[in-house]
$ cat input.cif   # mmCIF, C-alpha atoms and all ligand atoms
data_work
loop_
_atom_site.label_atom_id
_atom_site.label_comp_id
_atom_site.auth_asym_id
_atom_site.auth_seq_id
_atom_site.Cartn_x
_atom_site.Cartn_y
_atom_site.Cartn_z
CA MET A 957 11.08 12.62 -29.38
CA ARG A 958 13.33 10.00 -27.82
CA ILE A 959 12.22 8.41 -24.52
CA LYS A 960 14.40 6.08 -22.54
CA SER A 961 14.48 4.46 -19.08
CA PHE A 962 17.66 4.33 -17.01
CA TYR A 963 18.12 1.96 -14.08
CA ALA A 964 20.52 2.20 -11.14
CA ALA A 965 20.77 1.48 -7.43
CA SER A 966 19.70 5.03 -6.63
CA VAL A 967 17.80 7.84 -8.32
CA GLU A 968 21.00 9.89 -8.40
CA GLY A 969 22.81 7.05 -10.19
CA ALA A 970 20.06 6.71 -12.79
CA VAL A 971 20.00 10.47 -13.36
CA ALA A 972 23.78 10.46 -13.87
CA LEU A 973 23.45 7.67 -16.46
CA ALA A 974 20.74 9.61 -18.28
CA ARG A 975 22.85 12.76 -18.33
CA ARG A 976 25.85 10.89 -19.63
CA GLU A 977 23.92 9.30 -22.50
CA MET A 978 21.33 11.93 -23.42
CA GLY A 979 23.07 15.14 -22.39
CA ALA A 980 21.97 18.10 -20.32
CA GLU A 981 18.90 18.87 -22.49
CA ALA A 982 17.19 15.63 -21.49
CA MET A 983 13.88 16.16 -19.69
CA LEU A 984 13.10 14.06 -16.63
CA VAL A 985 9.68 12.50 -17.25
CA GLU A 986 9.36 10.22 -14.26
CA SER A 987 11.34 8.64 -11.42
CA ARG A 988 10.14 5.69 -9.42
CA LYS A 989 11.02 2.33 -7.90
CA ALA A 990 11.75 0.00 -10.79
CA PRO A 991 8.88 -2.45 -11.51
CA LEU A 992 9.61 -5.97 -10.23
CA GLU A 993 10.24 -7.37 -13.72
CA ALA A 994 12.99 -4.77 -14.29
CA ARG A 995 14.42 -4.78 -10.76
CA HIS A 996 17.46 -6.82 -11.92
CA LEU A 997 18.53 -3.76 -13.93
CA GLY A 998 18.51 -1.52 -10.86
CA GLU A 999 16.38 -0.56 -7.86
CA TYR A 1000 15.25 2.77 -9.36
CA GLU A 1001 14.02 3.75 -12.80
CA VAL A 1002 14.34 7.22 -14.24
CA VAL A 1003 12.55 7.96 -17.53
CA CYS A 1004 13.99 10.74 -19.66
CA ALA A 1005 12.94 12.30 -22.93
CA LEU A 1006 14.90 14.19 -25.54
CA VAL A 1007 12.92 16.57 -27.73
CA PRO A 1008 14.83 17.17 -31.02
CA GLU A 1009 15.59 20.72 -32.04
CA ALA A 1010 13.25 21.95 -34.78
CA GLU A 1011 14.82 21.53 -38.24
CA PRO A 1012 15.16 24.80 -40.24
CA VAL A 1013 12.32 24.84 -42.79
CA PRO A 1014 13.45 25.48 -46.42
CA PRO A 1015 11.41 28.10 -48.30
CA GLN A 1016 8.32 26.47 -49.90
CA PRO A 1017 6.56 27.44 -53.13
CA PRO A 1018 3.13 29.02 -52.46
CA GLU A 1019 0.44 26.34 -52.01
CA ASP A 1020 -3.25 26.51 -52.95
CA ALA A 1021 -5.97 26.66 -50.26
CA GLY A 1022 -6.88 22.92 -50.52
CA ALA A 1023 -3.26 21.78 -50.13
CA GLN A 1024 -2.82 24.20 -47.20
CA ASP A 1025 -5.91 22.74 -45.41
CA ALA A 1026 -4.63 19.20 -45.92
CA ARG A 1027 -1.18 20.13 -44.60
CA LEU A 1028 -2.65 21.85 -41.51
CA ALA A 1029 -4.89 18.84 -40.82
CA GLY A 1030 -1.83 16.57 -41.06
CA GLU A 1031 0.17 18.77 -38.69
CA LEU A 1032 -2.73 18.85 -36.26
CA ALA A 1033 -3.01 15.05 -36.31
CA GLU A 1034 0.74 14.75 -35.67
CA MET A 1035 0.51 17.20 -32.75
CA ARG A 1036 -2.39 15.19 -31.29
CA ARG A 1037 -0.35 11.99 -31.61
CA GLN A 1038 2.63 13.62 -29.85
CA LEU A 1039 0.43 14.99 -27.06
CA ASP A 1040 -1.19 11.61 -26.62
CA LEU A 1041 2.24 9.97 -26.37
CA MET A 1042 3.39 12.55 -23.80
CA GLY A 1043 0.18 12.16 -21.81
CA LYS A 1044 0.72 8.42 -21.61
CA THR A 1045 4.34 8.80 -20.65
CA ILE A 1046 4.06 11.58 -18.12
CA THR A 1047 2.08 9.97 -15.35
CA ARG A 1048 2.92 11.41 -12.00
CA SER A 1049 5.62 13.98 -12.36
CA ALA A 1050 3.78 16.90 -13.83
CA TRP A 1051 6.43 19.27 -12.57
CA SER A 1052 9.45 17.28 -13.72
CA GLY A 1053 10.02 18.79 -17.13
CA ALA A 1054 10.08 22.34 -15.84
CA ARG A 1055 12.40 21.41 -12.99
CA TRP A 1056 14.77 19.36 -15.11
CA GLY A 1057 15.05 22.11 -17.66
CA CYS A 1058 15.77 24.80 -15.05
CA SER A 1059 19.19 26.18 -14.38
CA SER A 1060 19.69 24.17 -11.20
CA PRO A 1061 20.58 20.49 -11.51
CA GLU A 1062 20.47 20.24 -7.66
CA MET A 1063 16.77 21.10 -7.67
CA SER A 1064 16.14 18.54 -10.42
CA GLU A 1065 17.88 15.88 -8.40
CA TRP A 1066 15.94 16.66 -5.25
CA HIS A 1067 12.77 16.56 -7.28
CA ALA A 1068 13.65 13.11 -8.59
CA ARG A 1069 14.53 11.87 -5.08
CA LEU A 1070 11.27 13.01 -3.50
CA MET A 1071 9.16 11.78 -6.40
CA ALA A 1072 10.82 8.37 -5.99
CA THR A 1073 9.16 8.11 -2.55
CA ASP A 1074 5.76 8.36 -4.34
CA MET A 1075 5.11 11.71 -2.71
CA ASP A 1076 2.31 13.79 -4.20
CA GLY A 1077 3.70 15.87 -7.13
CA GLU A 1078 2.20 19.14 -5.92
CA LEU A 1079 3.51 18.58 -2.41
CA VAL A 1080 7.00 17.94 -3.81
CA HIS A 1081 6.78 21.17 -5.76
CA GLU A 1082 5.61 23.08 -2.69
CA ILE A 1083 8.39 21.63 -0.51
CA LEU A 1084 11.09 22.33 -3.08
CA SER A 1085 9.90 25.87 -3.76
CA ALA A 1086 10.00 26.61 -0.02
CA ALA A 1087 13.40 24.91 0.29
CA GLU A 1088 14.76 26.94 -2.62
CA ARG A 1089 13.68 30.17 -0.89
CA ARG A 1090 15.05 28.95 2.45
CA ALA A 1091 18.42 27.93 0.94
CA GLY A 1092 18.91 31.40 -0.52
CA PRO A 1093 21.20 32.44 -3.38
CA GLY A 1094 23.63 29.79 -4.60
CA LEU A 1095 21.56 27.02 -2.94
CA SER A 1096 24.50 26.24 -0.64
CA GLY A 1097 22.24 25.00 2.18
CA LEU A 1098 19.76 23.18 -0.05
CA GLU A 1099 20.07 19.79 1.65
CA ASP A 1100 19.35 21.25 5.10
CA ALA A 1101 16.56 23.37 3.67
CA VAL A 1102 14.83 20.34 2.10
CA ALA A 1103 15.16 18.45 5.40
CA ALA A 1104 13.74 21.40 7.32
CA GLU A 1105 10.79 21.79 4.94
CA LEU A 1106 10.02 18.08 5.13
CA GLU A 1107 10.33 18.06 8.91
CA ARG A 1108 8.04 21.08 9.21
CA ARG A 1109 5.27 19.14 7.49
CA ILE A 1110 5.61 15.90 9.42
CA LEU A 1111 2.78 15.57 11.94
CA VAL A 1112 3.04 13.02 14.75
CA ASP A 1113 0.56 12.21 17.48
CA GLY A 1114 2.06 12.11 20.94
CA ALA A 1115 -1.22 13.12 22.65
CA TRP A 1116 -2.00 9.75 24.11
CA GLU A 1117 1.28 9.73 26.04
CA ALA A 1118 0.18 12.88 27.88
CA PRO A 1119 -1.38 12.41 31.34
CA ASN A 1120 -4.64 13.91 30.07
CA GLY A 1121 -4.49 12.01 26.76
CA PRO A 1122 -7.22 9.61 25.64
CA ARG A 1123 -7.65 6.53 27.84
CA ALA A 1124 -9.52 4.54 25.23
CA VAL A 1125 -8.22 4.07 21.70
CA ALA A 1126 -10.25 2.38 18.96
CA LEU A 1127 -8.58 1.12 15.81
CA ALA A 1128 -10.75 1.44 12.70
CA GLY A 1129 -9.97 0.80 9.07
CA PRO A 1130 -10.56 -1.34 6.00
CA PRO A 1131 -10.44 -5.16 6.11
CA GLY A 1132 -6.99 -6.65 6.64
CA ALA A 1133 -5.26 -3.33 7.34
CA GLY A 1134 -3.62 -4.81 10.45
CA LYS A 1135 -5.94 -3.48 13.18
CA THR A 1136 -6.04 -6.56 15.40
CA THR A 1137 -2.32 -7.27 15.07
CA MET A 1138 -1.51 -3.65 15.92
CA LEU A 1139 -3.88 -3.74 18.88
CA ALA A 1140 -1.96 -6.68 20.31
CA LYS A 1141 1.35 -4.85 19.68
CA LEU A 1142 0.04 -1.72 21.43
CA ALA A 1143 -1.20 -3.81 24.35
CA VAL A 1144 2.36 -5.02 24.92
CA ILE A 1145 4.27 -1.82 24.15
CA ARG A 1146 1.97 0.69 25.82
CA GLY A 1147 0.26 -1.58 28.36
CA LEU A 1148 2.27 -4.51 29.68
CA ALA A 1149 5.74 -3.02 29.20
CA GLN A 1150 4.73 0.11 31.10
CA ARG A 1151 2.72 -1.79 33.72
CA ARG A 1152 -0.42 0.14 32.93
CA PRO A 1153 -3.74 -1.34 34.01
CA MET A 1154 -5.51 -2.10 30.76
CA ALA A 1155 -8.28 -3.98 28.99
CA LEU A 1156 -8.95 -5.20 25.46
CA VAL A 1157 -12.38 -5.01 23.90
CA SER A 1158 -13.46 -6.38 20.54
CA MET A 1159 -16.46 -5.04 18.65
CA ASP A 1160 -15.67 -7.31 15.70
CA ASP A 1161 -18.93 -9.20 15.37
CA PHE A 1162 -18.88 -8.98 11.58
CA ARG A 1163 -17.64 -12.43 10.84
CA VAL A 1164 -18.15 -15.66 12.75
CA GLY A 1165 -15.16 -15.85 15.11
CA GLY A 1166 -14.16 -12.25 14.34
CA ALA A 1167 -13.13 -11.65 17.95
CA ASP A 1168 -11.29 -14.96 18.38
CA GLN A 1169 -7.95 -13.67 17.11
CA LEU A 1170 -7.81 -10.94 19.76
CA ARG A 1171 -9.18 -13.31 22.41
CA SER A 1172 -6.20 -15.60 21.74
CA TYR A 1173 -3.70 -12.71 21.94
CA ALA A 1174 -5.29 -11.52 25.20
CA ALA A 1175 -5.07 -15.01 26.67
CA ILE A 1176 -1.38 -15.31 25.71
CA LEU A 1177 -0.62 -11.86 27.13
CA GLY A 1178 -2.75 -12.36 30.24
CA ILE A 1179 -4.87 -9.26 29.65
CA GLY A 1180 -8.61 -8.90 30.40
CA PHE A 1181 -10.72 -9.27 27.25
CA GLN A 1182 -14.37 -8.79 26.28
CA ALA A 1183 -16.07 -9.58 22.97
CA LEU A 1184 -19.08 -7.31 22.58
CA ASP A 1185 -21.75 -7.02 19.92
CA ASN A 1186 -23.73 -3.88 20.72
CA LEU A 1187 -23.19 -0.27 21.71
CA GLY A 1188 -24.99 -0.61 25.04
CA ALA A 1189 -22.53 -3.30 26.09
CA LEU A 1190 -19.61 -1.16 24.86
CA ALA A 1191 -20.81 1.86 26.87
CA GLN A 1192 -21.12 -0.36 29.95
CA ALA A 1193 -17.66 -1.89 29.45
CA LEU A 1194 -16.06 1.56 29.06
CA ALA A 1195 -17.78 2.69 32.28
CA GLU A 1196 -16.46 -0.40 34.08
CA HIS A 1197 -12.92 0.24 32.83
CA GLN A 1198 -12.96 3.92 33.73
CA GLY A 1199 -10.12 3.49 36.22
CA LYS A 1200 -7.86 1.80 33.65
CA ARG A 1201 -5.11 3.79 31.99
CA LEU A 1202 -5.64 2.08 28.68
CA VAL A 1203 -8.59 0.45 26.93
CA LEU A 1204 -7.96 -0.74 23.39
CA ILE A 1205 -10.98 -1.32 21.16
CA ASP A 1206 -10.87 -3.48 18.03
CA THR A 1207 -13.44 -2.87 15.30
CA PRO A 1208 -14.49 -4.89 12.23
CA GLY A 1209 -12.85 -4.26 8.86
CA TYR A 1210 -15.49 -2.26 7.02
CA GLY A 1211 -15.36 -2.52 3.22
CA PRO A 1212 -16.82 0.10 0.83
CA HIS A 1213 -20.28 -1.53 0.96
CA ASP A 1214 -20.34 -1.92 4.75
CA MET A 1215 -20.24 1.70 5.78
CA ASP A 1216 -23.95 1.82 6.69
CA ARG A 1217 -23.23 -0.81 9.30
CA ALA A 1218 -20.33 1.27 10.64
CA ALA A 1219 -22.40 4.42 11.18
CA ASP A 1220 -23.68 3.75 14.72
CA LEU A 1221 -20.29 2.67 16.08
CA ALA A 1222 -18.64 5.64 14.35
CA ARG A 1223 -21.12 8.06 15.92
CA PHE A 1224 -20.68 6.48 19.35
CA LEU A 1225 -16.87 6.56 19.30
CA SER A 1226 -16.50 10.00 17.73
CA GLY A 1227 -18.79 11.64 20.27
CA ARG A 1228 -17.17 10.13 23.35
CA PRO A 1229 -14.78 12.30 25.35
CA GLY A 1230 -11.53 10.59 26.33
CA THR A 1231 -11.82 8.14 23.41
CA ALA A 1232 -9.71 8.49 20.28
CA THR A 1233 -10.07 6.59 17.02
CA TRP A 1234 -7.02 5.88 14.91
CA LEU A 1235 -7.43 5.05 11.25
CA VAL A 1236 -5.29 2.04 10.34
CA LEU A 1237 -4.10 1.97 6.73
CA THR A 1238 -1.51 -0.01 4.81
CA ALA A 1239 1.30 2.21 3.61
CA CYS A 1240 1.61 0.25 0.35
CA MET A 1241 -1.79 1.35 -0.97
CA LYS A 1242 -2.00 3.49 -4.10
CA SER A 1243 -2.52 7.19 -3.48
CA ALA A 1244 -6.06 7.39 -4.91
CA ASP A 1245 -7.20 4.31 -2.98
CA LEU A 1246 -5.69 5.62 0.25
CA THR A 1247 -7.55 8.90 -0.22
CA HIS A 1248 -10.87 7.15 -0.89
CA VAL A 1249 -10.52 4.92 2.17
CA ALA A 1250 -9.59 7.88 4.38
CA GLU A 1251 -12.64 9.80 3.13
CA ARG A 1252 -14.85 6.77 3.78
CA PHE A 1253 -13.65 6.47 7.37
CA GLU A 1254 -14.04 10.16 8.12
CA ILE A 1255 -17.36 9.23 9.81
CA PHE A 1256 -15.20 7.98 12.71
CA ARG A 1257 -13.51 11.40 12.91
CA PRO A 1258 -10.13 9.71 13.40
CA SER A 1259 -7.69 11.87 15.33
CA SER A 1260 -4.66 10.24 13.73
CA LEU A 1261 -3.42 7.80 11.13
CA LEU A 1262 -1.55 4.58 11.77
CA PHE A 1263 0.33 3.02 8.89
CA THR A 1264 1.15 -0.70 8.69
CA GLY A 1265 3.09 -2.69 6.11
CA LEU A 1266 6.18 -0.49 6.15
CA ASP A 1267 8.21 -3.65 5.62
CA GLU A 1268 6.46 -4.09 2.27
CA THR A 1269 7.15 -0.70 0.72
CA ALA A 1270 10.13 1.57 0.29
CA CYS A 1271 7.86 4.43 -0.67
CA PHE A 1272 6.42 6.26 2.33
CA GLY A 1273 5.62 9.37 0.30
CA THR A 1274 2.01 8.35 -0.39
CA ALA A 1275 1.25 7.91 3.32
CA PHE A 1276 3.08 11.14 4.19
CA SER A 1277 1.15 13.07 1.52
CA LEU A 1278 -2.18 11.85 2.95
CA SER A 1279 -1.18 12.98 6.44
CA VAL A 1280 -0.18 16.42 5.14
CA ARG A 1281 -3.25 16.82 2.93
CA GLN A 1282 -5.65 15.80 5.67
CA ALA A 1283 -3.68 17.61 8.40
CA LYS A 1284 -3.81 14.41 10.46
CA PRO A 1285 -0.86 13.29 12.57
CA ILE A 1286 0.61 9.80 12.43
CA SER A 1287 0.55 7.86 15.69
CA PHE A 1288 2.25 4.50 15.11
CA LEU A 1289 3.97 2.54 12.37
CA GLY A 1290 3.66 -1.19 11.71
CA THR A 1291 6.76 -2.74 10.25
CA GLY A 1292 5.90 -6.45 10.02
CA GLN A 1293 3.88 -9.30 11.49
CA GLU A 1294 5.84 -9.93 14.69
CA ILE A 1295 4.07 -9.01 17.93
CA PRO A 1296 5.23 -6.79 19.57
CA ASP A 1297 8.57 -6.14 17.82
CA ASP A 1298 7.27 -4.87 14.49
CA ALA A 1299 5.75 -1.61 15.72
CA ALA A 1300 7.16 1.78 16.55
CA PRO A 1301 5.73 5.11 17.66
CA ALA A 1302 5.80 7.66 14.88
CA THR A 1303 8.46 10.31 15.49
CA LYS A 1304 9.61 13.11 13.22
CA GLU A 1305 13.06 11.53 12.92
CA ARG A 1306 11.65 8.13 11.98
CA ILE A 1307 9.35 9.57 9.33
CA LEU A 1308 12.06 11.82 7.95
CA SER A 1309 14.33 8.81 7.57
CA LEU A 1310 11.57 7.06 5.58
CA LEU A 1311 11.41 9.98 3.15
CA TRP A 1312 15.07 10.82 3.01
CA PRO A 1313 17.58 9.15 0.68
CA GLU A 1314 19.39 6.43 2.61
CA THR A 1315 22.84 7.70 1.77
CA LEU A 1316 22.05 11.17 3.08
CA ALA A 1317 20.34 9.81 6.18
CA ALA A 1318 23.46 7.82 7.04
CA ARG A 1319 25.65 10.89 6.44
CA ARG A 1320 23.44 13.07 8.65
CA LEU A 1321 23.46 10.49 11.44
CA ALA A 1322 27.24 10.13 11.24
CA ALA A 1323 27.72 13.93 11.38
N1 LIG A 1401 3.88 -7.47 6.35
C1 LIG A 1401 3.07 -7.01 7.29
N2 LIG A 1401 1.98 -7.70 7.62
C2 LIG A 1401 1.18 -7.21 8.60
C3 LIG A 1401 1.46 -5.98 9.26
N3 LIG A 1401 0.47 -5.78 10.17
C4 LIG A 1401 -0.38 -6.84 10.06
N4 LIG A 1401 0.05 -7.71 9.11
C5 LIG A 1401 -0.57 -8.94 8.66
O1 LIG A 1401 -1.75 -8.63 7.94
C6 LIG A 1401 -2.73 -9.65 8.12
C7 LIG A 1401 -4.04 -9.00 8.59
O2 LIG A 1401 -3.81 -8.48 9.90
P1 LIG A 1401 -4.99 -8.26 10.92
O3 LIG A 1401 -4.41 -7.66 12.14
O4 LIG A 1401 -5.83 -9.48 11.09
O5 LIG A 1401 -5.83 -7.18 10.12
P2 LIG A 1401 -7.26 -6.57 10.50
O6 LIG A 1401 -7.28 -5.17 10.04
O7 LIG A 1401 -7.57 -6.81 11.94
O8 LIG A 1401 -8.20 -7.48 9.57
P3 LIG A 1401 -9.81 -7.62 9.68
O9 LIG A 1401 -10.16 -7.78 11.11
O10 LIG A 1401 -10.09 -8.83 8.85
O11 LIG A 1401 -10.37 -6.38 9.08
C8 LIG A 1401 -2.16 -10.63 9.13
O12 LIG A 1401 -1.60 -11.72 8.43
C9 LIG A 1401 -1.05 -9.83 9.81
O13 LIG A 1401 -0.01 -10.66 10.31
C10 LIG A 1401 2.65 -5.25 8.87
O14 LIG A 1401 2.98 -4.16 9.37
N5 LIG A 1401 3.42 -5.81 7.88
MG MG A 1402 -9.18 -7.76 12.88
#

$ encode --input "input.cif" --output "structure tokens"
Amino acid sequence: MRIKSFYAASVEGAVALARREMGAEAMLVESRKAPLEARHLGEYEVVCALVPEAEPVPPQPPEDAGAQDARLAGELAEMRRQLDLMGKTITRSAWSGARWGCSSPEMSEWHARLMATDMDGELVHEILSAAERRAGPGLSGLEDAVAAELERRILVDGAWEAPNGPRAVALAGPPGAGKTTMLAKLAVIRGLAQRRPMALVSMDDFRVGGADQLRSYAAILGIGFQALDNLGALAQALAEHQGKRLVLIDTPGYGPHDMDRAADLARFLSGRPGTATWLVLTACMKSADLTHVAERFEIFRPSSLLFTGLDETACFGTAFSLSVRQAKPISFLGTGQEIPDDAAPATKERILSLLWPETLAARRLAA
């Protein structure tokens, strides 16, 4: 079996190179963003494999039982070695081979494009199967069908804009996810800019000076601020701020070994009407880690997900897959460190453009 990587500025380009060199029988094994050390060769890497046709076997003289056993054992060992090699090579795209080998190169290309966003392999398969059915015979409307199937699965949280939406929003999440920075951004975008009476509250008593960062932002922005260290004080502060349109609550970054300490605050926030908790996660995290963190923070019963670090990844598929799998909408997106500029409400269009190949997005916008 011959395995080779092809690099180009786009997945489509890399696929074209592979086809040109290896022919139409090549199987797509994986497509992804090229690793940093190979980025000079091209932004995207597509790995293809060519399985040689079986050689015709010449007639053999009859062999005795011992020789036959030895031959079978040898063949078995060779098969194991091949399987091991394939297992190591095929990492994420379990569906690729079947797709690549099918009669529709368009479907193979869409598969490669979606996998390049780091979207969950099964979700890609589900989306493409539905798109194939939607596009109908000849696949003439495949591009629109893929867009429609993606769009159908994008969940966004606009509830807090509604007049009866939550008045208090707590941001919870792992250490360093960007909670405090996002809280300051939200205070400007959804508080100051819209002239809403608001207050900032920090429950970050984990580290010495944990609340100081938000205290400084509040002072710069001229917004009322309280640093609290117990649930009684939080209940009292929320009662005092009942007339405010917006109360933003910062929480400590709880690591995997801190969840016992999070339990009381989680119970308090999740059982309080009119208060929503958003789970803040960095979009660049690996899929398995993102899933573990989301499961860990389920004690807060977060109503939506907020992804930061979009400036640091071109692959939004992992974050999107989590939202789909957990049936949780996305509320906001963090796109950098600047307050308040690097934040945007999550909309279907914005998320679609993060999952959609740039060239096609530009074409759709121009149309
Ligand atoms: N590149 C990038 N950096 C970000 C983003 N959001 C926050 N940061 C940076 O990430 C770092 C941590 O941000 P914080 O807001 O302190 O994170 P936190 O979740 O409050 O951290 P803890 O309170 O320690 O748990 C800071 O240097 C921020 O400037 C983002 O969207 N993109
Ligand atoms: Mg913080």

$ residues_near_ligand --input "input.cif" --ligand "ligand MG 1402 (chain A)" --cutoff "12 Å" --atoms "only C-alpha atoms and all ligand atoms" --output "count of residues only"
38

$ atom_distance --input "input.cif" --atom1 "atom C6 of ligand LIG 1401 (chain A)" --atom2 "CA of His1197 in chain A"
28.5 Å

$ residues_around --input "input.cif" --residues "range 1142-1151 of chain A" --least-positions-apart "3" --cutoff "9 Å" --atoms "all atoms listed in the file" --output "list in words"
Thr1137, Met1138, Leu1139, Met1154, Ala1155, Leu1156, Ala1174, Leu1177, Ile1179, Arg1201, Leu1202, Val1203, Leu1204, Ile1295, Pro1296, Asp1297, Ala1299 and Ala1300 of chain A

$ atom_distance --input "input.cif" --atom1 "CA of Pro991 in chain A" --atom2 "CA of Tyr963 in chain A"
10.6 Å

$ closest_residue --input "input.cif" --among "A:His1248, A:Arg1090, A:Arg1257, A:Lys1242" --to "Arg1223 in chain A" --atoms "all atoms listed in the file"
A:Arg1257

$ closest_residue --input "input.cif" --among "A:Thr1238, A:Thr1247, A:Ser1287, A:Ser1309" --to "ligand LIG 1401 (chain A)" --atoms "all atoms listed in the file"
A:Thr1238

$ residues_around --input "input.cif" --residues "Arg1089 in chain A" --least-positions-apart "5" --cutoff "10 Å" --atoms "all atoms listed in the file" --output "MDAnalysis selection string"
chainID A and resid 1084 1095 1098 1101

$ closest_residue --input "input.cif" --among "A:Gly1180, A:Gly1211, A:Pro1301, A:Pro1229" --to "ligand LIG 1401 (chain A)" --atoms "all atoms listed in the file"
A:Gly1211

$ closest_residue --input "input.cif" --among "A:Ala1239, A:Ala1218, A:Ala1270, A:Ala1275" --to "Glu1254 in chain A" --atoms "all atoms listed in the file"
A:Ala1218

$ residues_near_point --input "input.cif" --point "(5.9, 7.3, 0.0)" --cutoff "9 Å" --atoms "all atoms listed in the file" --output "MDAnalysis selection string"
chainID A and resid 1070:1076 1239:1240 1269:1277 1310:1311

$ closest_residue --input "input.cif" --among "A:Leu1187, A:Val1249, A:Ala990, A:Leu1111" --to "Leu1225 in chain A" --atoms "all atoms listed in the file"
A:Leu1187

$ residues_around --input "input.cif" --residues "Arg1228 in chain A" --least-positions-apart "2" --cutoff "12 Å" --atoms "only C-alpha atoms" --output "PDB file with C-alpha atoms, keeping the file's coordinate frame"
ATOM      1  CA  PRO A1122      -7.220   9.610  25.640  1.00  0.00           C
ATOM      2  CA  ARG A1123      -7.650   6.530  27.840  1.00  0.00           C
ATOM      3  CA  ALA A1124      -9.520   4.540  25.230  1.00  0.00           C
ATOM      4  CA  VAL A1125      -8.220   4.070  21.700  1.00  0.00           C
ATOM      5  CA  ALA A1126     -10.250   2.380  18.960  1.00  0.00           C
ATOM      6  CA  LEU A1190     -19.610  -1.160  24.860  1.00  0.00           C
ATOM      7  CA  ALA A1191     -20.810   1.860  26.870  1.00  0.00           C
ATOM      8  CA  LEU A1194     -16.060   1.560  29.060  1.00  0.00           C
ATOM      9  CA  ALA A1195     -17.780   2.690  32.280  1.00  0.00           C
ATOM     10  CA  LEU A1221     -20.290   2.670  16.080  1.00  0.00           C
ATOM     11  CA  ALA A1222     -18.640   5.640  14.350  1.00  0.00           C
ATOM     12  CA  ARG A1223     -21.120   8.060  15.920  1.00  0.00           C
ATOM     13  CA  PHE A1224     -20.680   6.480  19.350  1.00  0.00           C
ATOM     14  CA  LEU A1225     -16.870   6.560  19.300  1.00  0.00           C
ATOM     15  CA  SER A1226     -16.500  10.000  17.730  1.00  0.00           C
ATOM     16  CA  GLY A1230     -11.530  10.590  26.330  1.00  0.00           C
ATOM     17  CA  THR A1231     -11.820   8.140  23.410  1.00  0.00           C
ATOM     18  CA  ALA A1232      -9.710   8.490  20.280  1.00  0.00           C
ATOM     19  CA  THR A1233     -10.070   6.590  17.020  1.00  0.00           C
ATOM     20  CA  PHE A1256     -15.200   7.980  12.710  1.00  0.00           C
ATOM     21  CA  ARG A1257     -13.510  11.400  12.910  1.00  0.00           C
TER      22      ARG A1257
END

$ closest_residue --input "input.cif" --among "A:Val1080, A:Ala1283, A:Ala1175, A:Ala964" --to "His996 in chain A" --atoms "all atoms listed in the file"
A:Ala964

$ atom_distance --input "input.cif" --atom1 "atom N5 of ligand LIG 1401 (chain A)" --atom2 "CA of Thr1291 in chain A"
5.1 Å

$ residues_around --input "input.cif" --residues "Gly1097 in chain A" --least-positions-apart "5" --cutoff "10 Å" --atoms "all atoms listed in the file" --output "MDAnalysis selection string"
chainID A and resid 1087:1088 1090:1092 1102

$ decode --input "input.cif" --residues "range 961-975 of chain A" --atoms "C-alpha atoms" --output "PDB file, in the first residue's frame"
ATOM      1  CA  SER A 961       0.466  13.429   1.890  1.00  0.00           C
ATOM      2  CA  PHE A 962      -0.428  16.269  -0.466  1.00  0.00           C
ATOM      3  CA  TYR A 963      -0.300  19.917   0.556  1.00  0.00           C
ATOM      4  CA  ALA A 964      -2.076  22.918  -0.970  1.00  0.00           C
ATOM      5  CA  ALA A 965      -3.746  26.188  -0.037  1.00  0.00           C
ATOM      6  CA  SER A 966      -7.123  24.468   0.105  1.00  0.00           C
ATOM      7  CA  VAL A 967      -8.469  20.960   0.601  1.00  0.00           C
ATOM      8  CA  GLU A 968      -9.781  21.011  -2.960  1.00  0.00           C
ATOM      9  CA  GLY A 969      -6.298  21.883  -4.264  1.00  0.00           C
ATOM     10  CA  ALA A 970      -4.676  19.070  -2.294  1.00  0.00           C
ATOM     11  CA  VAL A 971      -7.307  16.589  -3.488  1.00  0.00           C
ATOM     12  CA  ALA A 972      -6.674  17.653  -7.091  1.00  0.00           C
ATOM     13  CA  LEU A 973      -2.922  17.086  -6.639  1.00  0.00           C
ATOM     14  CA  ALA A 974      -3.580  13.639  -5.177  1.00  0.00           C
ATOM     15  CA  ARG A 975      -5.861  12.708  -8.054  1.00  0.00           C
TER      16      ARG A 975
END
